[in-house]
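Let me begin by presenting the structure, written as structure tokens, before commenting on it.
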Amino acid sequence: MRKGRFLSLLLMSGLILSLLLTISWSPVLSRPPVALAHAFVIGSDPVDGSTINTPPAVVRIFFNTPISSASIAHVYFGIDNQVVDKGYSSVASDNPRELDTPLVAPARLPQGSYTVRWTALASDDGHTTQGVIGFNVGHSSTGLPGQVILGPSTSNILPELNLQGFLVIAWEWLVMVALTLWIGILIMERIILEGGKREGEQRDWSERERDGASPTPTFFARVRKHALPLQWLCLTALVAGEIINLVLRATLLTQAYNKSGIDPVTIRQLIIDTTYGHLWLVRMALIVLALGFLWWTTRPAGRSIGIVSTGSARTRAQAGRAGGRKRSIQFSRLRQQVAQMQENSGEDQEVKEEDTRQNPYWHTFAWLILAGLIMLTFALSEDITQLAQAHISAVIFDWLFLAAQGIWFGGAAYLGFVLLPLLPIIEPDHHARSLVTILGRYTPLALGAIAVLLISGFFLAETSLNNVQQLISDPFGRTLLVKIALIALMLLLSGYALFFLRQQLHRQVILLPVVDAEMPARRTRQSAIEESERRFKRTMRSLSYLGAGVLLCGALMSFFAPPIVFPAINYTSSGSSASSTSSTSNTQAIQTKQVGNLTVSLQVLPARVDYANTVLVTMNDSNGNPVTDAQVQITINMEIMDMGIAHATIQGGKPAYVATFSKDEAFSMLGLWDIVLKIQRPNQAPVQVTFQVTLTG
């Protein structure tokens with residue numbers, strides 16, 4: 001009972017945590033963060049499709065997520081694809097999302113069209129992406145106009161469902177199925193069945209008959225013994241699936257380098273140079289540790305056998321020394337009786353002794369900690385948790401989602417394919433009563449897991465899509481829509497099983513002893529109970545199949561990745577005409593906003609990348625008089641990704657509040673930047689206002 005209260009408290013804490021995180025990141029209260037997955041191009045310098053006056057010394061490509069040092073880009077000139085780069089690329093030291101490729105003697109490069117072919121390895125999820133960027137110097141040598149074409153399907157080659165793509169999805173799905181089923185087995189055996197066994201050990205048989213708690217400790221031990229091969233299968237599938245997933249990721253990177261086969265150097269790069277590789281090593285170590293722990297906790301006893309063998313040898317020795325026909329006959333009869341007893345009760349005795357010896361309380365906590373750590377490594381490396389602003393929240397939600405998924409999907413699979421087929425065999429006289437008892441313990445846990453899964457899934461979906469239209473227009477969104485439909489069906493089936501079938505079975509079990517065993521009415525009620533059990537088993541198996549479909553949708557979503565979010569840049573002034581203007585002619589228009597009783601104006605000069613930019617702030621009160629006694633705190637960061645927060649504090653004394661940021665502090669990339677002003681005046685409450693400035697190059 002103490003463990004049940006602890007589990008209920010833990011589940012309630014997870015539910016409250018999910019609610020708090022959902023409220024804190026709700027789009028109603030604040031702008032939802034943008035999900036990052038894989039490594040896709042969201043900007044470049046020169047801009048894709050633009051025309052510039054002189055060749056750049058370095059071609060810079062900006063991604064939506066940190067990239068590994070294994071990423072590379074090559075720059076080609078003209079239709080003959082003449083290589084004009086220095087043969088290497090590097091990740092910028094101050095920006096892990098920027099790939100720099102220097103050119104050979106840029107001052108001597110000819111005018112014409114240039115093509116950049118890039119290959120990126122995402123550091124967080126280990127996926128390889130590639131694409132093409134083009135720009136013109138002076139004019140186009142291919143006859144194509146210098147019109148900006150930066151976009152999801154122009155600068156990036158999006159994933160396609162080819163043969164290799166199907167293999168990636170299949171093995172990703174296999175790993176998630178094995179993980180979910182293994183979590184379900186642990187929860188059912190270590191929480192539901194173990195708790196029932198402990199309660200059963202505290203009662204005698206008459207009390208269990210009276211209270212309806214018919215499962216015996218031997219029953220739980222035999223169920224666990226039959227499910228043991230399934231645990232070995234799940235953990236072995238996790239090891240094999242993770243190895244093959246790593247090899248497939250390395251193969252994709254090798255093919256992107258225009259090579260073939262499995263390159264050990266590429267596998268080494270993937271493991272050593274990426275966060276995914278580090279987490280993969282930790283995950284493999286934890287799974288191997290789980291395999292070793294499973295072997296240690298289920299190894300043959302040997303000790304009792306040794307005692308029996310020693311006793312038998314001692315008995316034979318004594319009989320031999322005694323001699324005589326009479327003692328030989330007595331010993332022979334005694335040996336036959338012992339053999340008969342072992343034949344009748346050997347299996348139950350072996351299972352019971354093994355379970356009593358090898359399943360102390362700390363084993364349960366050790367298994368749960370191991371499973372929690374393995375799920376944490378998955379949550380840290382999954383695509384959907386790579387967030388610009390809410391990474392920690394996403395990791396927590398994804399961990400909760402995986403745990404709830406294991407309890408709901410894995411628990412249903414355990415009931416439908418393991419426990420229910422064994423009940424009539426192990427408990428032939430009381431299987432219905434045993435099922436009712438087990439379901440009474442499982443139902444609160446399942447309902448809590450469903451609530452946690454819905455809340456965490458809502459958050460993860462909200463951070464992955466920007467608008468409802470992407471549920472139809474994007475493959476990730478369409479897969480998510482199918483996943484939502486499958487979960488809705490699972491909710492209906494779970495409600496039918498836990499609220500209707502369970503209650504019906506409970507009533508039938510209560511009414512069964514009222515009728516005499518020899519009367520036809522009892523046989524009728526017994527048939528009704530068996531029919532309810534069959535329907536419950538079919539429902540649990542249907543839930544398992546739907547859960548496998550949900551996991552397949554998750555593998556597809558991991559393959560496609562959430563939609564690419566591009567900076568809100570107006571490239572009208574960045575085309576061929578704008579690129580030939582002076583580098584200092586671009587300035588931002590003055591923006592004005594009302595906050596409290598203040599009218600605040602802001603301007604950024606020159607509002608260009610690779611320049612020191614100055615932020616100019618002026619304020620007037622409600623009477624139109626300049627405000628000179630305020631303290632202004634400025635915070636600057638990019639809209640769609642964390643480029644590093646720049647701070648500055650400006651004291652009053654003059655009508656204009658001025659702060660200058662070097663090119664390495666802020667405004668280091670084309671795109672939309674947030675400028676937050678916190679204004680504090682003497683004896684007045686502080687006010688805050690946010691401006692957005694677009695850098696166009």
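In the structure tokens, chains take the letters A, B, ... in the order shown, each chain's residues start at 1, and ligands count up from 1 in the order shown.
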
8 Å contact set for segment 472-484 of chain A, only C-alpha atoms, chain neighbours under 3 positions out, as a list of chain:residue names:
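My reading of the contact set: A:Ala461, A:Leu465, A:Val468, A:Gln469, A:Ile487, A:Ala488, A:Gly549, A:Val550, A:Cys553, A:Gly554, A:Leu556, A:Met557, A:Phe560, A:Ala561, A:Pro562, A:Pro563.
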
Hey, what's within 10 Å of Gly457 of chain A if we count only C-alpha atoms and toss same-chain stuff fewer than 2 positions away? As a PyMOL selection string, please?
chain A and resi 397-398+400-402+451-455+459-462+484

Written selection (C-alpha atoms) as an mmCIF file, in the first residue's frame:
data_model
loop_
_atom_site.group_PDB
_atom_site.id
_atom_site.type_symbol
_atom_site.label_atom_id
_atom_site.label_comp_id
_atom_site.auth_asym_id
_atom_site.auth_seq_id
_atom_site.Cartn_x
_atom_site.Cartn_y
_atom_site.Cartn_z
ATOM 1 C CA PHE A 397 7.447 16.927 -21.838
ATOM 2 C CA ASP A 398 8.954 14.392 -24.219
ATOM 3 C CA LEU A 400 6.687 12.364 -19.786
ATOM 4 C CA PHE A 401 5.224 11.505 -23.197
ATOM 5 C CA LEU A 402 7.486 8.450 -23.551
ATOM 6 C CA ALA A 451 -3.863 12.557 -19.095
ATOM 7 C CA VAL A 452 -0.088 13.118 -19.069
ATOM 8 C CA LEU A 453 0.207 11.896 -22.677
ATOM 9 C CA LEU A 454 -2.500 14.268 -23.904
ATOM 10 C CA ILE A 455 -1.033 17.302 -22.136
ATOM 11 C CA PHE A 459 2.612 20.973 -26.054
ATOM 12 C CA LEU A 460 4.974 19.116 -28.408
ATOM 13 C CA ALA A 461 2.533 19.510 -31.315
ATOM 14 C CA GLU A 462 2.052 23.195 -30.533
ATOM 15 C CA ILE A 484 -4.205 12.475 -33.467
#

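Distance annotation: of A:Arg97, A:Lys593, A:Arg190, A:Arg249, the residue with the minimal separation from Gly411 of chain A is A:Arg190; atom set is only C-alpha atoms.
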
Give me the residues within 8 Å of segment 152-166 of chain A as a list in words, counting only C-alpha atoms and dropping any in the same chain fewer than 4 places off.
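My reading of the contact set: Phe40, Val41, Ile42, Asp48, Thr129, Gln130, Gly131, Val132, Ile133, Ala170, Phe559, Phe560, Ile564 and Phe566 of chain A.
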
Looking at only C-alpha atoms, which of A:Ile79, A:Leu672, A:Val604, A:Val687 is the one that sits closest to Gln633 of chain A?
A:Val687
